[in-house]
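**Q** One structure, as structure tokens, below. Some questions next.
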Amino acid sequence: MMQVRISGIRELTPVIREFTLTALEGPLPGFSAGSHVQVHLPLGSRTVRNAYSLTGDPADTRHYRIAVRLQEASRGGSRFLHEQARVGDTLTLSPPANLFALDLTARHHILIAGGIGITPFMAYLDSLERRGDSFELHYAYRQGLTDAFSDELLARLGHRLHRYDGSAGQVMDLKTILTARPMGSHVYTCGPQRLLDGVRAQAAALGWPAARVHWEAFSSARSGLPFRLELARSGRKIEVEAEQSLLEALEEAGMSIPNLCRGGACGQCATRHLQGDIDHRDHCLSAEEQQQFLMPCVSRGCGTALVLDL
Amino acid sequence: MSSTHSNESYRPFSLPLYRQPSPSACAQHHLLVLQRPADELSPSLQDFVQALPRPIVLSAADDDFDKHLDTLLYAAPVGSHLYVLGDEAFLWKVHVTAQGAGMLSEEIDLIDCGPARRRVFCVHCGLVQTGPVLAHLNCAGCQVQLGVREHFSQRLGAYLGVCENPDQPYAEVHP
Amino acid sequence: MSVQFTELQSYRDDFTFRNSPAAIARFPFPFPEDSYMYSVNIEPATPRAPGSVYQHWFDIDEHYRSEMAERALVLDKDSSRCLVMPHMQEASWDALQLFMEHLSADYPQWFALSCDGNRWHWRNTALGIDQHFTFGDASTLPCEPLEFITRQVQGDIALLDQRDNDLFMDAGMVTSPADWSLAFDAGMSFKQWHSPVPMANQMGVFDRALKYLLNIQVDQPVRRLNWTLTINPRMDSSPETFHEWGADRGQITPDNVGSAVHLRVELQFMARLPRSNGLMFSIRTYLISMNELVSHPGWGQRLHRVLRDLPEAIADYKGMTLYRQTLVQWLSQFDELA
């Protein structure tokens with residue numbers, strides 16, 4: 001865990017804010033492009049951890065930057081950052097981890113971003129330019145709403161940037177983007193789930209091997225119904241509240257569960273379940289695996305008491 | 001490292017696996033590289049070649065093969081799949097070129113048609129030499145008698161050759 | 001407590017290498033039990049036991065100058081022992097930074113680092129190096145960054161590129177291998193380069209190890225111990241030079257076991273490289289002769305039992321077939337129950 005101070009807040013769009021975070025003591029840990037940090041957000045009586053991509057230059061050891069989109073239908077983490085966080089406030093961060101790294105052997109990098117999905121690519125650009133790698137960026141957004149960094153990207157990238165303003169009816173043609181690309185290309189995508197699904201489907205249809213296709217989903221826990229939880233090994237019984245994720249309930253109870261993405265994608269928190277109805281909300285386990293395991297960061301019990309092998 | 005025999009049930013992971021020839025279901029472009037003319041292939045391999053959708057075909061018998069191979073591979077877009085038919089040494093010579101052009105192993109099918117010839121890397125002098133499949137050979141570069149190990153490098157397209165008998169490193173292999 | 005260096009000792013030809021009593025006392029004896037089997041014996045590399053080999057990320061001991069001289073000799077004869085693929089340049093700088101930061105913090109009497117933005121100043125008074133350079137600009141160093149720094153660090157280093165849910169050995173400095181070749185293994189995936197290790201693959205050991213390594217985070221390094229035997233304190237027991245040293249294995253007699261046979265322990269240390277997202281794999285080698293080893297209470301007995309009962313496939317793989325009997329027989333005199 002690290003303590004940082006909010007040293008700057010910049011409104012990029014009416015719903016997207018950039019935060020500059022400075023270490024309280026010592027240098028910040030180095031990170032690789034595509035890394036994210038978990039920001040610990042105090043929401044009333046409990047702490048919620050949200051993962052945000054680091055947008056700043058990985059060579060900058062004094063500041064981290066994140067850009068947060070205000071999510072309407074959320075549990076309040078982004079709302080806290082938009083409405084309550086102030087310059088000078090202290091935040092706790094989990095150290096950077098990377099689930100969306102560049103493939104350093106790629107001959108050409110095709111970056112496809114939707115809305116707030118632009119964030120990991122901001123750090124990519126610093127690395128790619130430093131390496132002198134060939135790349136292009138496709139950025140779909142709604143002008144004035146979800147077009148963070150758009151103007152500075154145009155100034156920086158020129159013809160390597162392709163912009164698609166959804167509110168003007170401009171749509172990315174994934175087939176064109178992925179057809180006849182030079183051997184050695186890799187494609188990376190980040191944004192809404194339907195964009196990720198679209199890129200993966202189009203790439204597969206065009207014969208792209210899976211190893212050339214990379215994606216990061218921005219998902220996080222959604223609230224649900226309260227449910228009862230039992231830990232088989234200790235016999236402890238816990239009530240998980242509607243606004244609380246199963247992982248958060250376990251952490252509140254003092255359990256230490258490995259975790260990285262908080263969004264059901266990375267597989268780290270996989271936990272064996274023994275009994276009970278489960279609402280699986282992850283993007284990671286196969287149907288067969290879900291018979292035995294669940295991802296507590298996003299999935300929930302939803303009927304009879306959930307019994308975990310913990 | 002020094003053992004040259006393995007358990008029956010254990011196949012060293014680095015050794016190449018040659019696939020049964022079948023057209024890639026999702027590839028958009030099919031590239032076919034033959035060591036020998038197609039009409040010299042077995043009937044089942046000829047069927048396979050016929051089944052490939054509109055392949056670009058290159059034969060080692062053609063003039064300027066190396067140059068054409070480079071041009072073909074460097075111009076191939078993602079979505080291409082490469083099929084190579086020939087002896088093991090030829091397969092890996094082409095595979096090494098293809099990787100140099102940025103292709104992944106998943107994008108390459110190697111079909112071993114024999115006869116048995118392979119590449120061996122001499123760890124003592126660094127020479128990669130091509131020859132029949134033998135357990136021992138004298139390195140053409142430094143003359144050390146090599147035992148060929150069950151360890152393979154895809155980057156070099158060659159098996160590992162290490163001095164077989166350190167008491168007599170240069171003893172000649174007698175056929 | 002500051003480390004003092006011995007006079008130059010050799011790891012070849014006349015083999016003048018010896019361990020002082022202090023070096024023997026801190027030797028990382030790798031056998032917690034009377035028998036040995038492969039396992040994923042990886043643990044968090046938490047600094048512990050001041051004065052031990054586990055205290056710092058990178059251990060500098062009394063043999064430092066001797067080992068660096070030996071590395072220089074190997075590289076003179078064979079420059080292919082150091083290799084950095086083009087896409088690993090950033091990882092190379094990552095490694096240089098890790099080494100410089102830790103060595104200067106842990107051994108301030110020998111190493112100093114001061115940084116003014118990208119302008120760095122490195123001093124290694126143990127080897128008489130005083131280097132100003134621009135971090136990230138290889139033209140400001142006398143040689144490639146990984147080579148520059150690993151010529152000043154004990155142990156072999158491999159830098160692994162992490163991609164496609166796997167690790168690839170795409171850079172390294174390997175002058176003291178226990179019989180493996182960087183020139184051959186370069187570019188291999190995790191399971192490919194471990195391919196020659198018998199039995200372990202069938203046990204799923206490498207699948208589990210790979211999964212663990214892929215998840216190592218910045219500043220959370222891990223370590224494990226590996227071991228084999230070497231005849232004479234030969235650091236460069238490489239396949240490249242096998243035709244020069246391989247015959248030594250047939251020269252062991254009951255009279256020379258104590259001085260010629262050495263236990264070779266590798267302290268393997270794995271750390272995430274922050275900016276390149278690669279993994280550093282440091283292989284720090286410690287050698288001890290049988291005579292020195294049995295001077296430590298209990299070690300002779302334990303080693304006797306481990307080697308006596310070792311499965312043949314593992315014994316063969318570790319190259320001890322020709323002299324195992326003689327060695328086990330000699331060690332039995334230190335076993336109470338033998």
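Ordering of the structure tokens sets the chain letters (A, B, ...); residue numbers start at 1 within each chain; ligands are numbered from 1 in the order shown.
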Which residues, written as a short mmCIF file (atom, residue, chain, number, x, y, z; two decimals) with C-alpha atoms, in the first residue's frame, have at least one atom at most 9 Å from region 209-220 of chain A, with only C-alpha atoms counted and residues fewer than 2 positions away on the same chain left out?

**A**
```cif
data_model
loop_
_atom_site.label_atom_id
_atom_site.label_comp_id
_atom_site.auth_asym_id
_atom_site.auth_seq_id
_atom_site.Cartn_x
_atom_site.Cartn_y
_atom_site.Cartn_z
CA ASN A 50 -11.45 0.73 -7.81
CA ALA A 51 -8.82 -0.05 -10.42
CA TYR A 52 -7.68 2.78 -12.71
CA SER A 74 -22.09 2.66 -9.82
CA LEU A 99 -2.58 -7.07 -16.84
CA PHE A 100 -2.41 -5.33 -20.21
CA ALA A 101 1.21 -5.07 -21.28
CA LEU A 102 2.60 -4.29 -24.72
CA ASP A 103 4.01 -7.17 -26.74
CA ALA A 106 5.38 -6.62 -32.23
CA ILE A 116 -12.53 6.05 -21.15
CA GLY A 117 -10.70 3.04 -22.60
CA PRO A 120 -4.01 2.72 -20.70
CA GLY A 184 4.00 -8.98 -36.92
CA SER A 185 1.17 -6.60 -36.01
CA HIS A 186 -0.60 -6.83 -32.69
CA VAL A 187 -3.96 -5.28 -31.82
CA TYR A 188 -4.90 -3.93 -28.39
CA THR A 189 -8.35 -2.76 -27.36
CA CYS A 190 -9.85 -1.15 -24.27
CA GLY A 191 -13.29 0.29 -23.70
CA PRO A 192 -16.90 -0.92 -23.45
CA GLN A 193 -17.45 -4.67 -23.53
CA LEU A 196 -13.87 -5.66 -27.00
CA VAL A 199 -12.60 -6.48 -32.04
CA ARG A 200 -12.07 -10.07 -30.92
CA ALA A 203 -9.92 -10.41 -35.59
CA ALA A 204 -10.83 -14.09 -35.37
CA GLY A 207 -7.51 -15.13 -39.20
CA ARG A 222 -21.96 -3.91 -9.23
CA CYS A 261 -8.18 -6.18 -11.24
CA ARG A 262 -11.27 -6.02 -8.95
CA GLY A 263 -13.33 -6.62 -12.09
CA GLY A 264 -13.64 -10.34 -12.76
CA ALA A 265 -11.00 -10.53 -15.49
CA HIS A 283 -15.24 -12.75 -17.67
CA CYS A 297 -14.64 -9.44 -6.80
CA VAL A 298 -17.76 -9.35 -9.00
CA CYS B 26 -9.63 -19.28 -40.03
CA ALA B 27 -6.70 -18.10 -42.14
CA VAL B 78 -1.66 -10.97 -40.53
CA GLY B 79 -4.27 -13.61 -41.29
CA LEU B 104 4.46 -16.76 -34.84
CA GLU B 106 0.91 -20.67 -34.47
CA GLU B 107 0.88 -19.24 -38.01
CA ARG C 163 4.17 -12.23 -23.22
CA ASP C 164 1.38 -14.55 -24.31
#
```

**Q** Kindly provide, as a ChimeraX atom specification, the residues of chain A having any atom no farther than 7 Å from an atom of chain B, counting only C-alpha atoms.

**A** /A:180-185,205-208

**Q** Mind dumping the selected residues with N, CA and C atoms as a PDB file, in the first residue's frame?

**A**
```pdb
ATOM      1  N   ALA A 180      -5.522  -6.926 -43.927  1.00  0.00           N
ATOM      2  CA  ALA A 180      -4.268  -6.708 -44.642  1.00  0.00           C
ATOM      3  C   ALA A 180      -3.254  -5.894 -43.836  1.00  0.00           C
ATOM      4  N   ARG A 181      -3.128  -6.197 -42.530  1.00  0.00           N
ATOM      5  CA  ARG A 181      -2.155  -5.488 -41.696  1.00  0.00           C
ATOM      6  C   ARG A 181      -0.821  -6.195 -41.773  1.00  0.00           C
ATOM      7  N   PRO A 182       0.274  -5.468 -41.616  1.00  0.00           N
ATOM      8  CA  PRO A 182       1.600  -6.077 -41.811  1.00  0.00           C
ATOM      9  C   PRO A 182       1.841  -7.243 -40.854  1.00  0.00           C
ATOM     10  N   MET A 183       2.543  -8.267 -41.361  1.00  0.00           N
ATOM     11  CA  MET A 183       2.899  -9.406 -40.523  1.00  0.00           C
ATOM     12  C   MET A 183       3.676  -8.899 -39.303  1.00  0.00           C
ATOM     13  N   GLY A 184       3.347  -9.436 -38.136  1.00  0.00           N
ATOM     14  CA  GLY A 184       4.005  -8.979 -36.917  1.00  0.00           C
ATOM     15  C   GLY A 184       3.179  -7.960 -36.159  1.00  0.00           C
ATOM     16  N   SER A 185       2.021  -7.554 -36.707  1.00  0.00           N
ATOM     17  CA  SER A 185       1.168  -6.597 -36.008  1.00  0.00           C
ATOM     18  C   SER A 185       0.492  -7.252 -34.818  1.00  0.00           C
ATOM     19  N   ALA A 205     -12.325 -13.653 -37.218  1.00  0.00           N
ATOM     20  CA  ALA A 205     -12.884 -13.898 -38.557  1.00  0.00           C
ATOM     21  C   ALA A 205     -11.860 -13.627 -39.655  1.00  0.00           C
ATOM     22  N   LEU A 206     -10.903 -12.754 -39.362  1.00  0.00           N
ATOM     23  CA  LEU A 206      -9.887 -12.409 -40.361  1.00  0.00           C
ATOM     24  C   LEU A 206      -8.613 -13.229 -40.197  1.00  0.00           C
ATOM     25  N   GLY A 207      -8.653 -14.220 -39.321  1.00  0.00           N
ATOM     26  CA  GLY A 207      -7.514 -15.129 -39.201  1.00  0.00           C
ATOM     27  C   GLY A 207      -6.409 -14.664 -38.275  1.00  0.00           C
ATOM     28  N   TRP A 208      -6.678 -13.684 -37.433  1.00  0.00           N
ATOM     29  CA  TRP A 208      -5.671 -13.243 -36.464  1.00  0.00           C
ATOM     30  C   TRP A 208      -5.535 -14.317 -35.380  1.00  0.00           C
TER      31      TRP A 208
END
```

**Q** Tell me which protein, DNA and RNA residues are within 8 Å of region 29-35 of chain A, counting only C-alpha atoms, leaving out same-chain ones fewer than 4 positions away, and put them as an MDAnalysis selection string.

**A** (chainID A and resid 53:54 58:59 61 95:102 120:121 123:124 127) or (chainID C and resid 218 274:277)

**Q** If the cut-off is 10 Å, can you tell me the residues of chain C near chain A, counting only C-alpha atoms? I'd like them as a ChimeraX atom specification.

**A** /C:85-90,94,136,161-165,215-219,272-278

**Q** Counting only C-alpha atoms, what is within 10 Å of Gln290 (chain A), bar same-chain residues fewer than 4 positions away, as a list of chain:residue names?

**A** A:Ala270, A:Thr271, A:Arg272, A:His273, A:Ile278, A:His280, A:Asp282, A:Cys284, A:Leu285, A:Ser286, A:Leu294, A:Met295

**Q** The selected residues should be written to file as a PDB file, in the first residue's frame (atoms: N, CA and C atoms).

**A**
```
ATOM      1  N   ALA A 270      -9.843 -16.169  -7.662  1.00  0.00           N
ATOM      2  CA  ALA A 270     -10.682 -17.369  -7.807  1.00  0.00           C
ATOM      3  C   ALA A 270     -10.739 -18.152  -6.502  1.00  0.00           C
ATOM      4  N   THR A 271     -11.948 -18.438  -6.060  1.00  0.00           N
ATOM      5  CA  THR A 271     -12.174 -19.102  -4.773  1.00  0.00           C
ATOM      6  C   THR A 271     -13.118 -20.280  -4.983  1.00  0.00           C
ATOM      7  N   ARG A 272     -12.833 -21.351  -4.274  1.00  0.00           N
ATOM      8  CA  ARG A 272     -13.669 -22.542  -4.416  1.00  0.00           C
ATOM      9  C   ARG A 272     -14.952 -22.381  -3.627  1.00  0.00           C
ATOM     10  N   HIS A 273     -16.090 -22.713  -4.248  1.00  0.00           N
ATOM     11  CA  HIS A 273     -17.361 -22.654  -3.518  1.00  0.00           C
ATOM     12  C   HIS A 273     -17.890 -24.065  -3.301  1.00  0.00           C
ATOM     13  N   ILE A 278     -25.333 -19.098  -7.044  1.00  0.00           N
ATOM     14  CA  ILE A 278     -24.314 -18.103  -7.391  1.00  0.00           C
ATOM     15  C   ILE A 278     -24.718 -17.330  -8.642  1.00  0.00           C
ATOM     16  N   HIS A 280     -22.810 -15.646 -11.254  1.00  0.00           N
ATOM     17  CA  HIS A 280     -21.453 -15.479 -11.790  1.00  0.00           C
ATOM     18  C   HIS A 280     -21.425 -14.252 -12.687  1.00  0.00           C
ATOM     19  N   ASP A 282     -18.273 -12.896 -13.778  1.00  0.00           N
ATOM     20  CA  ASP A 282     -16.883 -12.691 -14.216  1.00  0.00           C
ATOM     21  C   ASP A 282     -16.738 -12.905 -15.722  1.00  0.00           C
ATOM     22  N   CYS A 284     -13.967 -14.642 -16.954  1.00  0.00           N
ATOM     23  CA  CYS A 284     -12.692 -15.335 -16.838  1.00  0.00           C
ATOM     24  C   CYS A 284     -12.840 -16.848 -16.797  1.00  0.00           C
ATOM     25  N   LEU A 285     -13.791 -17.325 -15.993  1.00  0.00           N
ATOM     26  CA  LEU A 285     -13.925 -18.759 -15.796  1.00  0.00           C
ATOM     27  C   LEU A 285     -14.796 -19.371 -16.881  1.00  0.00           C
ATOM     28  N   SER A 286     -14.459 -20.593 -17.254  1.00  0.00           N
ATOM     29  CA  SER A 286     -15.334 -21.329 -18.167  1.00  0.00           C
ATOM     30  C   SER A 286     -16.532 -21.831 -17.372  1.00  0.00           C
ATOM     31  N   LEU A 294     -15.588 -19.385  -8.094  1.00  0.00           N
ATOM     32  CA  LEU A 294     -16.201 -18.119  -8.469  1.00  0.00           C
ATOM     33  C   LEU A 294     -15.188 -16.997  -8.240  1.00  0.00           C
ATOM     34  N   MET A 295     -15.490 -15.815  -8.798  1.00  0.00           N
ATOM     35  CA  MET A 295     -14.639 -14.632  -8.625  1.00  0.00           C
ATOM     36  C   MET A 295     -15.329 -13.695  -7.641  1.00  0.00           C
TER      37      MET A 295
END
```
